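entry19.cif follows; it contains mmCIF, C-alpha atoms.
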```
data_target
#
loop_
_atom_site.group_PDB
_atom_site.id
_atom_site.type_symbol
_atom_site.label_atom_id
_atom_site.label_comp_id
_atom_site.auth_asym_id
_atom_site.auth_seq_id
_atom_site.Cartn_x
_atom_site.Cartn_y
_atom_site.Cartn_z
ATOM 1 C CA MET Y 1 136.686 93.036 85.918
ATOM 2 C CA GLN Y 2 134.150 90.445 86.904
ATOM 3 C CA ILE Y 3 132.819 90.734 90.428
ATOM 4 C CA GLU Y 4 132.349 87.402 92.169
ATOM 5 C CA PRO Y 5 129.233 87.210 94.318
ATOM 6 C CA VAL Y 6 129.802 86.230 97.930
ATOM 7 C CA VAL Y 7 127.217 83.456 97.755
ATOM 8 C CA ASP Y 8 127.346 80.167 95.860
ATOM 9 C CA SER Y 9 125.371 80.133 92.642
ATOM 10 C CA THR Y 10 123.084 77.260 93.633
ATOM 11 C CA PHE Y 11 121.495 75.881 96.790
ATOM 12 C CA ASP Y 12 119.340 72.796 97.397
ATOM 13 C CA TYR Y 13 117.021 72.166 100.334
ATOM 14 C CA LEU Y 14 115.135 68.951 101.131
ATOM 15 C CA PHE Y 15 111.774 69.150 102.888
ATOM 16 C CA LYS Y 16 108.370 67.577 103.378
ATOM 17 C CA PHE Y 17 105.084 68.694 104.895
ATOM 18 C CA THR Y 18 102.731 66.896 107.282
ATOM 19 C CA GLN Y 19 98.931 67.086 107.297
ATOM 20 C CA GLU Y 20 99.272 68.895 110.639
ATOM 21 C CA GLN Y 21 101.274 71.641 108.887
ATOM 22 C CA VAL Y 22 98.634 71.884 106.156
ATOM 23 C CA GLN Y 23 95.986 72.269 108.873
ATOM 24 C CA ALA Y 24 98.120 74.909 110.648
ATOM 25 C CA PHE Y 25 98.476 76.843 107.387
ATOM 26 C CA ALA Y 26 94.707 76.625 106.835
ATOM 27 C CA ASP Y 27 94.062 77.848 110.392
ATOM 28 C CA LEU Y 28 96.573 80.689 110.105
ATOM 29 C CA THR Y 29 95.524 81.958 106.685
ATOM 30 C CA GLY Y 30 91.836 81.054 106.707
ATOM 31 C CA ASP Y 31 92.243 79.075 103.468
ATOM 32 C CA ASN Y 32 90.121 76.075 104.442
ATOM 33 C CA ASN Y 33 89.383 74.965 100.856
ATOM 34 C CA PRO Y 34 88.380 71.292 101.346
ATOM 35 C CA ILE Y 35 90.706 70.159 98.559
ATOM 36 C CA HIS Y 36 93.496 70.642 101.136
ATOM 37 C CA LEU Y 37 91.789 69.280 104.238
ATOM 38 C CA ASP Y 38 88.986 66.836 103.460
ATOM 39 C CA ALA Y 39 90.133 63.417 102.224
ATOM 40 C CA GLU Y 40 86.581 62.345 101.340
ATOM 41 C CA TYR Y 41 86.015 65.459 99.235
ATOM 42 C CA ALA Y 42 89.465 65.196 97.650
ATOM 43 C CA ALA Y 43 88.706 61.588 96.654
ATOM 44 C CA THR Y 44 85.925 62.939 94.386
ATOM 45 C CA THR Y 45 88.370 65.192 92.504
ATOM 46 C CA SER Y 46 90.973 64.415 89.867
ATOM 47 C CA PHE Y 47 93.646 64.632 92.573
ATOM 48 C CA LYS Y 48 92.151 61.639 94.497
ATOM 49 C CA LYS Y 49 93.696 62.822 97.783
ATOM 50 C CA PRO Y 50 94.225 66.164 99.561
ATOM 51 C CA ILE Y 51 96.785 68.485 97.989
ATOM 52 C CA ILE Y 52 98.957 70.972 99.834
ATOM 53 C CA HIS Y 53 98.112 74.655 99.395
ATOM 54 C CA GLY Y 54 100.363 75.853 96.552
ATOM 55 C CA MET Y 55 101.269 78.863 98.677
ATOM 56 C CA LEU Y 56 102.291 76.607 101.569
ATOM 57 C CA GLY Y 57 104.681 74.773 99.247
ATOM 58 C CA ALA Y 58 106.018 78.141 98.113
ATOM 59 C CA THR Y 59 106.781 79.163 101.701
ATOM 60 C CA VAL Y 60 109.947 77.057 101.371
ATOM 61 C CA PHE Y 61 111.185 79.870 99.131
ATOM 62 C CA THR Y 62 110.733 82.602 101.752
ATOM 63 C CA LYS Y 63 112.260 80.324 104.401
ATOM 64 C CA VAL Y 64 115.421 79.459 102.458
ATOM 65 C CA LEU Y 65 115.841 82.881 100.840
ATOM 66 C CA GLY Y 66 115.274 84.664 104.148
ATOM 67 C CA THR Y 67 117.442 82.475 106.344
ATOM 68 C CA GLN Y 68 119.982 80.502 104.291
ATOM 69 C CA PHE Y 69 120.461 81.522 100.668
ATOM 70 C CA PRO Y 70 121.261 84.386 100.567
ATOM 71 C CA GLY Y 71 119.976 84.537 104.173
ATOM 72 C CA PHE Y 72 119.586 87.218 106.823
ATOM 73 C CA GLY Y 73 119.443 90.774 105.579
ATOM 74 C CA SER Y 74 117.489 89.745 102.501
ATOM 75 C CA ILE Y 75 114.381 91.629 101.510
ATOM 76 C CA TYR Y 76 111.922 90.078 99.079
ATOM 77 C CA LEU Y 77 111.099 92.261 96.088
ATOM 78 C CA LYS Y 78 109.282 89.860 93.772
ATOM 79 C CA GLN Y 79 108.303 86.221 93.392
ATOM 80 C CA THR Y 80 106.619 84.540 90.452
ATOM 81 C CA LEU Y 81 104.970 81.165 91.049
ATOM 82 C CA GLU Y 82 103.713 78.537 88.644
ATOM 83 C CA PHE Y 83 101.905 75.678 90.359
ATOM 84 C CA LEU Y 84 102.604 72.990 87.751
ATOM 85 C CA ARG Y 85 101.640 69.841 89.628
ATOM 86 C CA PRO Y 86 99.912 69.076 92.948
ATOM 87 C CA MET Y 87 101.994 68.592 96.082
ATOM 88 C CA PHE Y 88 101.116 66.064 98.760
ATOM 89 C CA VAL Y 89 101.918 65.556 102.442
ATOM 90 C CA GLU Y 90 104.573 63.079 103.600
ATOM 91 C CA THR Y 91 106.322 63.361 100.246
ATOM 92 C CA GLU Y 92 109.968 64.303 99.914
ATOM 93 C CA TYR Y 93 110.623 67.434 97.878
ATOM 94 C CA LYS Y 94 113.739 69.349 96.951
ATOM 95 C CA ALA Y 95 113.782 73.116 96.547
ATOM 96 C CA ILE Y 96 116.438 74.180 94.060
ATOM 97 C CA PHE Y 97 117.764 77.739 93.954
ATOM 98 C CA LYS Y 98 119.962 79.083 91.150
ATOM 99 C CA ILE Y 99 121.209 82.614 90.817
ATOM 100 C CA ILE Y 100 120.189 83.931 87.399
ATOM 101 C CA SER Y 101 121.675 87.420 87.600
ATOM 102 C CA ILE Y 102 123.146 89.876 90.097
ATOM 103 C CA ASN Y 103 123.068 93.661 89.888
ATOM 104 C CA PRO Y 104 125.917 94.626 92.279
ATOM 105 C CA ASP Y 105 125.104 98.356 92.083
ATOM 106 C CA LYS Y 106 121.611 97.769 93.434
ATOM 107 C CA HIS Y 107 122.535 94.646 95.487
ATOM 108 C CA ILE Y 108 119.685 92.822 93.764
ATOM 109 C CA ALA Y 109 119.689 89.246 92.468
ATOM 110 C CA GLU Y 110 117.249 87.232 90.415
ATOM 111 C CA ILE Y 111 117.102 83.658 91.650
ATOM 112 C CA SER Y 112 115.366 80.742 89.935
ATOM 113 C CA THR Y 113 113.242 78.842 92.484
ATOM 114 C CA GLU Y 114 111.952 75.351 91.818
ATOM 115 C CA ILE Y 115 110.389 72.520 93.806
ATOM 116 C CA MET Y 116 110.992 68.980 92.555
ATOM 117 C CA ASP Y 117 109.469 65.703 93.760
ATOM 118 C CA VAL Y 118 112.552 63.773 94.865
ATOM 119 C CA THR Y 119 111.109 60.412 93.769
ATOM 120 C CA THR Y 120 109.537 61.287 90.422
ATOM 121 C CA LYS Y 121 111.982 64.117 89.599
ATOM 122 C CA LYS Y 122 109.017 66.145 88.337
ATOM 123 C CA VAL Y 123 108.856 69.874 89.003
ATOM 124 C CA THR Y 124 105.791 70.865 91.019
ATOM 125 C CA THR Y 125 106.398 74.602 91.444
ATOM 126 C CA ARG Y 126 108.550 76.980 89.451
ATOM 127 C CA GLY Y 127 109.286 80.665 89.672
ATOM 128 C CA VAL Y 128 111.770 83.469 89.977
ATOM 129 C CA ALA Y 129 112.576 85.387 93.158
ATOM 130 C CA THR Y 130 114.010 88.891 93.168
ATOM 131 C CA MET Y 131 115.890 89.696 96.380
ATOM 132 C CA ILE Y 132 117.874 92.653 97.693
ATOM 133 C CA ASN Y 133 120.730 91.939 100.094
ATOM 134 C CA GLN Y 134 123.176 94.753 100.819
ATOM 135 C CA GLU Y 135 125.934 92.412 102.009
ATOM 136 C CA LYS Y 136 125.612 89.384 99.761
ATOM 137 C CA PHE Y 137 125.004 90.882 96.309
ATOM 138 C CA MET V 1 77.220 86.030 72.061
ATOM 139 C CA GLN V 2 78.928 87.300 75.156
ATOM 140 C CA ILE V 3 79.098 84.822 78.023
ATOM 141 C CA GLU V 4 78.605 86.396 81.420
ATOM 142 C CA PRO V 5 80.840 84.967 84.136
ATOM 143 C CA VAL V 6 79.010 83.645 87.177
ATOM 144 C CA VAL V 7 81.166 85.676 89.567
ATOM 145 C CA ASP V 8 81.305 89.423 90.101
ATOM 146 C CA SER V 9 84.218 91.145 88.450
ATOM 147 C CA THR V 10 85.696 92.569 91.654
ATOM 148 C CA PHE V 11 85.950 91.597 95.306
ATOM 149 C CA ASP V 12 87.399 93.408 98.320
ATOM 150 C CA TYR V 13 88.517 91.896 101.602
ATOM 151 C CA LEU V 14 89.616 93.757 104.738
ATOM 152 C CA PHE V 15 92.206 92.154 107.012
ATOM 153 C CA LYS V 16 95.028 92.721 109.475
ATOM 154 C CA PHE V 17 97.732 90.555 111.015
ATOM 155 C CA THR V 18 98.892 90.267 114.610
ATOM 156 C CA GLN V 19 102.464 89.680 115.804
ATOM 157 C CA GLU V 20 101.256 86.277 117.027
ATOM 158 C CA GLN V 21 100.275 85.371 113.466
ATOM 159 C CA VAL V 22 103.691 86.517 112.204
ATOM 160 C CA GLN V 23 105.299 84.283 114.840
ATOM 161 C CA ALA V 24 103.017 81.371 113.852
ATOM 162 C CA PHE V 25 104.011 81.822 110.196
ATOM 163 C CA ALA V 26 107.691 81.877 111.192
ATOM 164 C CA ASP V 27 107.231 78.707 113.260
ATOM 165 C CA LEU V 28 105.313 76.913 110.512
ATOM 166 C CA THR V 29 107.594 77.825 107.622
ATOM 167 C CA GLY V 30 110.933 78.119 109.428
ATOM 168 C CA ASP V 31 111.406 81.664 108.116
ATOM 169 C CA ASN V 32 112.707 83.227 111.324
ATOM 170 C CA ASN V 33 114.463 86.150 109.625
ATOM 171 C CA PRO V 34 114.802 88.665 112.519
ATOM 172 C CA ILE V 35 113.431 91.491 110.377
ATOM 173 C CA HIS V 36 110.016 89.903 111.032
ATOM 174 C CA LEU V 37 110.402 88.917 114.685
ATOM 175 C CA ASP V 38 112.997 91.005 116.513
ATOM 176 C CA ALA V 39 111.947 94.587 117.262
ATOM 177 C CA GLU V 40 115.458 95.560 118.463
ATOM 178 C CA TYR V 41 117.060 94.285 115.261
ATOM 179 C CA ALA V 42 114.335 95.835 113.105
ATOM 180 C CA ALA V 43 114.973 99.201 114.788
ATOM 181 C CA THR V 44 118.473 99.162 113.266
ATOM 182 C CA THR V 45 117.081 98.770 109.731
ATOM 183 C CA SER V 46 115.461 101.262 107.396
ATOM 184 C CA PHE V 47 112.056 99.805 108.326
ATOM 185 C CA LYS V 48 112.454 100.845 112.017
ATOM 186 C CA LYS V 49 110.039 98.114 113.176
ATOM 187 C CA PRO V 50 109.338 94.472 112.302
ATOM 188 C CA ILE V 51 107.767 93.876 108.914
ATOM 189 C CA ILE V 52 105.411 91.043 108.019
ATOM 190 C CA HIS V 53 106.786 88.284 105.799
ATOM 191 C CA GLY V 54 105.794 89.292 102.251
ATOM 192 C CA MET V 55 104.577 85.745 101.693
ATOM 193 C CA LEU V 56 102.384 85.923 104.797
ATOM 194 C CA GLY V 57 100.725 89.044 103.406
ATOM 195 C CA ALA V 58 100.240 87.210 100.129
ATOM 196 C CA THR V 59 98.428 84.349 101.853
ATOM 197 C CA VAL V 60 95.350 86.583 101.817
ATOM 198 C CA PHE V 61 95.257 85.849 98.086
ATOM 199 C CA THR V 62 95.137 82.059 98.511
ATOM 200 C CA LYS V 63 92.553 82.464 101.261
ATOM 201 C CA VAL V 64 90.147 84.670 99.322
ATOM 202 C CA LEU V 65 90.690 82.973 95.952
ATOM 203 C CA GLY V 66 90.323 79.513 97.492
ATOM 204 C CA THR V 67 87.306 80.183 99.667
ATOM 205 C CA GLN V 68 85.402 83.289 98.524
ATOM 206 C CA PHE V 69 86.280 84.687 95.113
ATOM 207 C CA PRO V 70 85.919 82.559 93.025
ATOM 208 C CA GLY V 71 85.889 80.137 95.997
ATOM 209 C CA PHE V 72 85.680 76.392 96.467
ATOM 210 C CA GLY V 73 86.652 74.294 93.487
ATOM 211 C CA SER V 74 89.393 76.731 92.498
ATOM 212 C CA ILE V 75 92.842 75.458 91.693
ATOM 213 C CA TYR V 76 95.770 77.855 91.695
ATOM 214 C CA LEU V 77 97.805 77.808 88.489
ATOM 215 C CA LYS V 78 100.007 80.902 88.864
ATOM 216 C CA GLN V 79 100.637 83.900 91.094
ATOM 217 C CA THR V 80 102.987 86.782 90.534
ATOM 218 C CA LEU V 81 103.942 88.917 93.529
ATOM 219 C CA GLU V 82 105.630 92.304 93.776
ATOM 220 C CA PHE V 83 106.408 93.324 97.347
ATOM 221 C CA LEU V 84 106.313 97.086 96.802
ATOM 222 C CA ARG V 85 106.192 98.354 100.388
ATOM 223 C CA PRO V 86 106.622 96.778 103.821
ATOM 224 C CA MET V 87 103.555 95.542 105.688
ATOM 225 C CA PHE V 88 103.164 95.832 109.447
ATOM 226 C CA VAL V 89 101.121 94.135 112.166
ATOM 227 C CA GLU V 90 97.955 95.717 113.591
ATOM 228 C CA THR V 91 97.496 97.706 110.399
ATOM 229 C CA GLU V 92 94.320 97.584 108.360
ATOM 230 C CA TYR V 93 94.755 96.384 104.790
ATOM 231 C CA LYS V 94 92.373 95.780 101.933
ATOM 232 C CA ALA V 95 92.920 93.034 99.386
ATOM 233 C CA ILE V 96 91.404 93.992 96.033
ATOM 234 C CA PHE V 97 90.626 91.381 93.377
ATOM 235 C CA LYS V 98 89.658 92.258 89.803
ATOM 236 C CA ILE V 99 89.023 89.792 87.011
ATOM 237 C CA ILE V 100 91.277 90.670 84.085
ATOM 238 C CA SER V 101 90.228 87.965 81.640
ATOM 239 C CA ILE V 102 88.295 84.710 81.504
ATOM 240 C CA ASN V 103 88.865 81.823 79.120
ATOM 241 C CA PRO V 104 85.519 79.963 79.314
ATOM 242 C CA ASP V 105 86.771 77.032 77.217
ATOM 243 C CA LYS V 106 89.516 76.281 79.709
ATOM 244 C CA HIS V 107 87.609 77.629 82.758
ATOM 245 C CA ILE V 108 90.640 79.759 83.575
ATOM 246 C CA ALA V 109 90.666 83.379 84.774
ATOM 247 C CA GLU V 110 93.409 85.916 85.313
ATOM 248 C CA ILE V 111 92.704 87.998 88.392
ATOM 249 C CA SER V 112 94.546 91.133 89.476
ATOM 250 C CA THR V 113 95.463 90.861 93.177
ATOM 251 C CA GLU V 114 96.466 93.891 95.222
ATOM 252 C CA ILE V 115 96.941 94.753 98.873
ATOM 253 C CA MET V 116 96.375 98.379 99.873
ATOM 254 C CA ASP V 117 97.023 100.071 103.213
ATOM 255 C CA VAL V 118 93.541 101.317 104.138
ATOM 256 C CA THR V 119 94.877 104.472 105.842
ATOM 257 C CA THR V 120 97.575 105.588 103.406
ATOM 258 C CA LYS V 121 95.873 104.105 100.297
ATOM 259 C CA LYS V 122 99.326 102.920 99.176
ATOM 260 C CA VAL V 123 99.682 99.551 97.476
ATOM 261 C CA THR V 124 101.983 97.199 99.386
ATOM 262 C CA THR V 125 101.713 94.047 97.255
ATOM 263 C CA ARG V 126 100.652 93.599 93.655
ATOM 264 C CA GLY V 127 100.332 90.638 91.365
ATOM 265 C CA VAL V 128 98.218 88.523 89.081
ATOM 266 C CA ALA V 129 96.629 85.186 89.971
ATOM 267 C CA THR V 130 95.686 82.583 87.383
ATOM 268 C CA MET V 131 92.949 80.229 88.621
ATOM 269 C CA ILE V 132 90.986 77.352 87.141
ATOM 270 C CA ASN V 133 87.438 76.791 88.355
ATOM 271 C CA GLN V 134 85.216 74.423 86.359
ATOM 272 C CA GLU V 135 81.970 75.898 87.721
ATOM 273 C CA LYS V 136 82.687 79.606 88.017
ATOM 274 C CA PHE V 137 84.576 80.406 84.800
#
```

Would you encode the structure as C-alpha cells?
Amino acid sequence: MQIEPVVDSTFDYLFKFTQEQVQAFADLTGDNNPIHLDAEYAATTSFKKPIIHGMLGATVFTKVLGTQFPGFGSIYLKQTLEFLRPMFVETEYKAIFKIISINPDKHIAEISTEIMDVTTKKVTTRGVATMINQEKF
Amino acid sequence: MQIEPVVDSTFDYLFKFTQEQVQAFADLTGDNNPIHLDAEYAATTSFKKPIIHGMLGATVFTKVLGTQFPGFGSIYLKQTLEFLRPMFVETEYKAIFKIISINPDKHIAEISTEIMDVTTKKVTTRGVATMINQEKF
C-alpha cells in the first residue's frame, strides 16, 4: 500500500530582497563584507554591483519550510547549499520546493530547494533540505 | 614544494544570541514559526522553550568566513548544514573553523564549520563550507 503524503509534492514562492534587507541582515549577523554593502567596492569586482549574502538568499528556505511547506511543526535537520550564481537586490526570484522522498516511519522528508531568477530562468542557489514534521510526513 | 596557506588552519569565535535577535531574524526572513518565538507554544514541545532558527545559528558561518577567516574577498560557493541539537538564546556558543583542504590553483578551500555549546561541549550544528578567496588560498 502506498501512503500518500498530506502535503503537495511541489511548492513555489516568489520573492525579492531590498538593499535595506541586505543591510539589516549585515547588521543582525555582523557579516559586513563590502561585496554586499559597498557599491563602489563591488564595482571593482567581477560582480560589478553588490551581491546579496548567499545565506540571506537561503533564508527563503527556512521561511517557506518553517511556515508554509510543510509549515508549522517542522524541524530542520539538514540543509545543503550551493551558491551557483550571485543574487542581487530588487530582482524577482522564485524558490522551488520538490519533495524527493518521505520516510513515514520517522516523519522525515528530503526536499529539493532551488532559487531561480524569474527573468533569466537561471538557478542561483540549489540544495536539499531534510525536515521532520510529525503531522505532515 | 609545499605551499603554505596565508591563513591559520583553525579559527574559533565565541557568540550568543538574544531573543531580540531571534525576533529580528523572524521579521527579516518571514520565518515566524512559533517554535522560535512563542514560549507558551514551545513549552508544549519536546524542546520545552523556544529554539533559535537553525539558519540564524548558521549565520555565524557567513559572518566569520566573510569578515574574519578567511575574511574580505571571500565568496561562498557551498555550505552543508546539519542541525544536530537545538540552540537557545542567552547561551554561549563557540564556532570552530578548520581548513580541510586548499586548492591553490583555484583559490578554493574546504573548511569544516561547527558550533559547540561552550558549557556542555556538545555540537549543535555541523557542516562544511567551500570558499573561494583569490588572495588567501

For chain Y against chain V, with a cut-off of 9 Å and counting all atoms listed in the file, what is the closest atom pair and its distance in Å to one decimal for every residue that makes the cut, ordered by chain and number, as JSON lines?
```
{"residue": "Y:Gln21", "atom": "CA", "partner": "V:Leu28", "partner_atom": "CA", "distance": 6.8}
{"residue": "Y:Ala24", "atom": "CA", "partner": "V:Leu28", "partner_atom": "CA", "distance": 7.5}
{"residue": "Y:Phe25", "atom": "CA", "partner": "V:Leu28", "partner_atom": "CA", "distance": 7.5}
{"residue": "Y:Ala26", "atom": "CA", "partner": "V:Lys63", "partner_atom": "CA", "distance": 8.4}
{"residue": "Y:Leu28", "atom": "CA", "partner": "V:Gln21", "partner_atom": "CA", "distance": 6.8}
{"residue": "Y:Thr29", "atom": "CA", "partner": "V:Thr59", "partner_atom": "CA", "distance": 6.1}
{"residue": "Y:Gly30", "atom": "CA", "partner": "V:Lys63", "partner_atom": "CA", "distance": 5.7}
{"residue": "Y:Asp31", "atom": "CA", "partner": "V:Lys63", "partner_atom": "CA", "distance": 4.1}
{"residue": "Y:Asn32", "atom": "CA", "partner": "V:Thr67", "partner_atom": "CA", "distance": 6.9}
{"residue": "Y:Asn33", "atom": "CA", "partner": "V:Gly66", "partner_atom": "CA", "distance": 5.7}
{"residue": "Y:Pro34", "atom": "CA", "partner": "V:Phe72", "partner_atom": "CA", "distance": 7.6}
{"residue": "Y:Ile35", "atom": "CA", "partner": "V:Gly73", "partner_atom": "CA", "distance": 7.7}
{"residue": "Y:His53", "atom": "CA", "partner": "V:Thr62", "partner_atom": "CA", "distance": 8.0}
{"residue": "Y:Gly54", "atom": "CA", "partner": "V:Tyr76", "partner_atom": "CA", "distance": 7.0}
{"residue": "Y:Met55", "atom": "CA", "partner": "V:Thr62", "partner_atom": "CA", "distance": 6.9}
{"residue": "Y:Leu56", "atom": "CA", "partner": "V:Thr29", "partner_atom": "CA", "distance": 8.1}
{"residue": "Y:Ala58", "atom": "CA", "partner": "V:Met55", "partner_atom": "CA", "distance": 8.5}
{"residue": "Y:Thr59", "atom": "CA", "partner": "V:Thr29", "partner_atom": "CA", "distance": 6.1}
{"residue": "Y:Val60", "atom": "CA", "partner": "V:Thr29", "partner_atom": "CA", "distance": 6.7}
{"residue": "Y:Thr62", "atom": "CA", "partner": "V:Asp31", "partner_atom": "CA", "distance": 6.5}
{"residue": "Y:Lys63", "atom": "CA", "partner": "V:Asp31", "partner_atom": "CA", "distance": 4.0}
{"residue": "Y:Val64", "atom": "CA", "partner": "V:Asp31", "partner_atom": "CA", "distance": 7.3}
{"residue": "Y:Leu65", "atom": "CA", "partner": "V:Asp31", "partner_atom": "CA", "distance": 8.6}
{"residue": "Y:Gly66", "atom": "CA", "partner": "V:Asn33", "partner_atom": "CA", "distance": 5.7}
{"residue": "Y:Thr67", "atom": "CA", "partner": "V:Asn33", "partner_atom": "CA", "distance": 5.8}
{"residue": "Y:Gly71", "atom": "CA", "partner": "V:Asn33", "partner_atom": "CA", "distance": 7.9}
{"residue": "Y:Phe72", "atom": "CA", "partner": "V:Asn33", "partner_atom": "CA", "distance": 5.9}
{"residue": "Y:Gly73", "atom": "CA", "partner": "V:Ile35", "partner_atom": "CA", "distance": 7.7}
{"residue": "Y:Ser74", "atom": "CA", "partner": "V:Asn33", "partner_atom": "CA", "distance": 8.5}
{"residue": "Y:Ile75", "atom": "CA", "partner": "V:Ile35", "partner_atom": "CA", "distance": 8.9}
{"residue": "Y:Tyr76", "atom": "CA", "partner": "V:Phe83", "partner_atom": "CA", "distance": 6.6}
{"residue": "Y:Leu77", "atom": "CA", "partner": "V:Phe83", "partner_atom": "CA", "distance": 5.0}
{"residue": "Y:Lys78", "atom": "CA", "partner": "V:Glu82", "partner_atom": "CA", "distance": 4.4}
{"residue": "Y:Gln79", "atom": "CA", "partner": "V:Leu81", "partner_atom": "CA", "distance": 5.1}
{"residue": "Y:Thr80", "atom": "CA", "partner": "V:Thr80", "partner_atom": "CA", "distance": 4.3}
{"residue": "Y:Leu81", "atom": "CA", "partner": "V:Gln79", "partner_atom": "CA", "distance": 5.1}
{"residue": "Y:Glu82", "atom": "CA", "partner": "V:Lys78", "partner_atom": "CA", "distance": 4.4}
{"residue": "Y:Phe83", "atom": "CA", "partner": "V:Leu77", "partner_atom": "CA", "distance": 5.0}
{"residue": "Y:Leu84", "atom": "CA", "partner": "V:Leu77", "partner_atom": "CA", "distance": 6.8}
{"residue": "Y:Arg85", "atom": "CA", "partner": "V:Leu77", "partner_atom": "CA", "distance": 8.9}
{"residue": "Y:Gly127", "atom": "CA", "partner": "V:Thr80", "partner_atom": "CA", "distance": 8.8}
```

*Non-local contacts of Ile108 (chain Y) (7 Å; all atoms listed in the file; under 5 positions in same chain excluded) as a PyMOL selection string*: chain Y and resi 102-103+130-133+137

Exactly which residues make up the result of the PyMOL selection byres ((chain V and resi 12) around 9) on this file, given as a short mmCIF file (atom, residue, chain, number, x, y, z; two decimals) with C-alpha atoms, in the coordinates of the input?
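What follows is the written file expr_0.cif:
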```cif
data_model
loop_
_atom_site.label_atom_id
_atom_site.label_comp_id
_atom_site.auth_asym_id
_atom_site.auth_seq_id
_atom_site.Cartn_x
_atom_site.Cartn_y
_atom_site.Cartn_z
CA THR V 10 85.70 92.57 91.65
CA PHE V 11 85.95 91.60 95.31
CA TYR V 13 88.52 91.90 101.60
CA LEU V 14 89.62 93.76 104.74
CA LYS V 94 92.37 95.78 101.93
CA ALA V 95 92.92 93.03 99.39
CA ILE V 96 91.40 93.99 96.03
CA PHE V 97 90.63 91.38 93.38
CA LYS V 98 89.66 92.26 89.80
#
```

*If you apply the PyMOL selection byres ((chain Y and resi 120) around 12) to this file, what residues do you get, as a PyMOL selection string?*
chain Y and resi 85+87+91-94+115-119+121-124

If the box runs along x, y and z of the file and leaves 8 Å on each side of region 88-97 of chain Y, what are its centre and edge lengths in Å, one decimal, as JSON?
```
{"center_x": 109.4, "center_y": 70.4, "center_z": 98.8, "size_x": 32.6, "size_y": 30.7, "size_z": 25.6}
```

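Our summary of the geometry notes that CA of Glu90 (chain Y) is positioned 5.6 Å from CA of Thr18 (chain Y).
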
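Rounded to one decimal, CA of Ala109 (chain Y) and CA of Gln23 (chain V) lie 27.1 Å from each other.
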
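Coordinates place CA of Ile52 (chain Y) at a distance of 18.7 Å from CA of Pro70 (chain V).
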
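If all atoms listed in the file are the atoms counted, then among Y:Val89, Y:Ile99, Y:Ile51, Y:Thr44 the closest residue to Lys16 (chain Y) is Y:Val89.
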
Reconstruct region 31-45 of chain V at the level of N, CA and C atoms, and format the result as a CSV table (one decimal), keeping the file's coordinate frame.
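Saved file selection_29.csv follows:
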```csv
chain,number,residue,atom,x,y,z
V,31,ASP,N,110.8,80.4,108.5
V,31,ASP,CA,111.4,81.7,108.1
V,31,ASP,C,111.5,82.6,109.3
V,32,ASN,N,112.5,82.4,110.1
V,32,ASN,CA,112.7,83.2,111.3
V,32,ASN,C,113.7,84.4,111.1
V,33,ASN,N,113.7,84.9,109.9
V,33,ASN,CA,114.5,86.2,109.6
V,33,ASN,C,114.1,87.2,110.7
V,34,PRO,N,115.1,87.8,111.4
V,34,PRO,CA,114.8,88.7,112.5
V,34,PRO,C,114.1,90.0,112.1
V,35,ILE,N,114.1,90.3,110.8
V,35,ILE,CA,113.4,91.5,110.4
V,35,ILE,C,111.9,91.4,110.6
V,36,HIS,N,111.4,90.1,110.8
V,36,HIS,CA,110.0,89.9,111.0
V,36,HIS,C,109.7,89.7,112.5
V,37,LEU,N,110.7,89.4,113.3
V,37,LEU,CA,110.4,88.9,114.7
V,37,LEU,C,111.1,89.7,115.8
V,38,ASP,N,112.1,90.4,115.5
V,38,ASP,CA,113.0,91.0,116.5
V,38,ASP,C,112.9,92.5,116.4
V,39,ALA,N,112.2,93.1,117.3
V,39,ALA,CA,111.9,94.6,117.3
V,39,ALA,C,113.3,95.4,117.4
V,40,GLU,N,114.2,94.9,118.3
V,40,GLU,CA,115.5,95.6,118.5
V,40,GLU,C,116.3,95.6,117.2
V,41,TYR,N,116.3,94.4,116.5
V,41,TYR,CA,117.1,94.3,115.3
V,41,TYR,C,116.4,95.2,114.2
V,42,ALA,N,115.1,95.1,114.1
V,42,ALA,CA,114.3,95.8,113.1
V,42,ALA,C,114.5,97.3,113.3
V,43,ALA,N,114.8,97.8,114.5
V,43,ALA,CA,115.0,99.2,114.8
V,43,ALA,C,116.3,99.7,114.2
V,44,THR,N,117.2,98.8,113.9
V,44,THR,CA,118.5,99.2,113.3
V,44,THR,C,118.4,99.2,111.7
V,45,THR,N,117.2,98.8,111.2
V,45,THR,CA,117.1,98.8,109.7
V,45,THR,C,116.3,100.0,109.3
```
